Amino acid sequence: CVFFDFSSGDGLLKWLESHPGELDVLFLDIEMGGINGVETAKQVRAADDKLILIFVTGFADFVFDGYFVGALGYVVKPIDIQKLEEVMMNALGVLQRQSFQSFSLSNSEGKYKIPINKILYFYSDRRQVVLVTAQKEYHFYGKLDAVAGEVGAGFVRIHQRYLAFR
């Protein structure tokens, strides 16, 4: 596990712009510097519908706001370890289901999980593979044969160097 700590919602949102798909689970407090946790969650959700959101806060009044942004859970401070474990087990279950619907890669910029339905095609260029979406290209070291094995039958080899979505 890799953990990141952000002191404000604004800082988190700025970081996410250049690191899409790097986070699996996001714990948010309601009371944060700058915009509050609920507003942060709304903006996160607009950009990423797969990121698991969990609120950890001392304000029980906002519990219903969390559900409007698709939060998986809400843990009230002081934290009950059993409740936290329950929420984390739910998050792990969601991550396992999502792993079958995404392609993971690592490069010098970070680690990414790209939803399969967002991938247009892959192509190889020497020892690198390039994953292409409508928004961005992701370069990583690998072999197109290995990628084909991971993404499954939804993709077809249209050329020695290209693997495209059916």
# chains A, B, ... in the order shown; residues from 1 in each chain; ligands from 1
call {"tool": "closest_atom_pairs", "arguments": {"of": "segment 57-166 of chain A", "to": "segment 29-38 of chain A", "cutoff": "7 Å", "atoms": "only C-alpha atoms", "output": "JSON lines"}}
result
{"residue": "A:Thr57", "atom": "CA", "partner": "A:Asp29", "partner_atom": "CA", "distance": 5.0}
{"residue": "A:Asp65", "atom": "CA", "partner": "A:Val38", "partner_atom": "CA", "distance": 6.8}
{"residue": "A:Gly66", "atom": "CA", "partner": "A:Val38", "partner_atom": "CA", "distance": 6.9}
call {"tool": "write_last_selection", "arguments": {"atoms": "all heavy atoms", "output": "PDB file, in the first residue's frame"}}
result
ATOM      1  N   THR A  57     -14.988  11.342   9.703  1.00  0.00           N
ATOM      2  CA  THR A  57     -15.196  12.682  10.238  1.00  0.00           C
ATOM      3  C   THR A  57     -15.926  12.657  11.571  1.00  0.00           C
ATOM      4  O   THR A  57     -16.495  11.636  11.949  1.00  0.00           O
ATOM      5  CB  THR A  57     -15.984  13.534   9.211  1.00  0.00           C
ATOM      6  OG1 THR A  57     -16.060  14.873   9.663  1.00  0.00           O
ATOM      7  CG2 THR A  57     -17.364  12.972   8.982  1.00  0.00           C
ATOM      8  N   ASP A  65     -25.023  13.359   2.711  1.00  0.00           N
ATOM      9  CA  ASP A  65     -24.269  13.993   1.628  1.00  0.00           C
ATOM     10  C   ASP A  65     -23.284  13.008   1.014  1.00  0.00           C
ATOM     11  O   ASP A  65     -23.026  13.036  -0.180  1.00  0.00           O
ATOM     12  CB  ASP A  65     -23.518  15.230   2.128  1.00  0.00           C
ATOM     13  CG  ASP A  65     -24.464  16.360   2.507  1.00  0.00           C
ATOM     14  OD1 ASP A  65     -25.570  16.430   1.926  1.00  0.00           O
ATOM     15  OD2 ASP A  65     -24.100  17.169   3.380  1.00  0.00           O
ATOM     16  N   GLY A  66     -22.729  12.132   1.839  1.00  0.00           N
ATOM     17  CA  GLY A  66     -21.786  11.128   1.356  1.00  0.00           C
ATOM     18  C   GLY A  66     -22.413  10.167   0.362  1.00  0.00           C
ATOM     19  O   GLY A  66     -21.775   9.759  -0.606  1.00  0.00           O
TER      20      GLY A  66
END
call {"tool": "residues_around", "arguments": {"residues": "segment 121-128 of chain A", "least_positions_apart": "2", "cutoff": "12 Å", "atoms": "only C-alpha atoms", "output": "ChimeraX atom specification"}}
result
/A:103,105-107,114,116-119,130-134,136-148,151,154-166
call {"tool": "select_by_dssp", "arguments": {"residues": "chain A", "states": "strand (DSSP E)", "output": "PyMOL selection string"}}
result
chain A and resi 25-28+52-57+73-76+102-107+110-115+119-125+128-133+137-141+155-159+162-165
call {"tool": "closest_residue", "arguments": {"among": "A:Gln82, A:Ser8, A:Gln43, A:Ser102", "to": "Asp24 of chain A", "atoms": "only C-alpha atoms"}}
result
A:Ser102
call {"tool": "atom_distance", "arguments": {"atom1": "atom CA of Arg97 of chain A", "atom2": "atom CA of Val76 of chain A"}}
result
26.5 Å
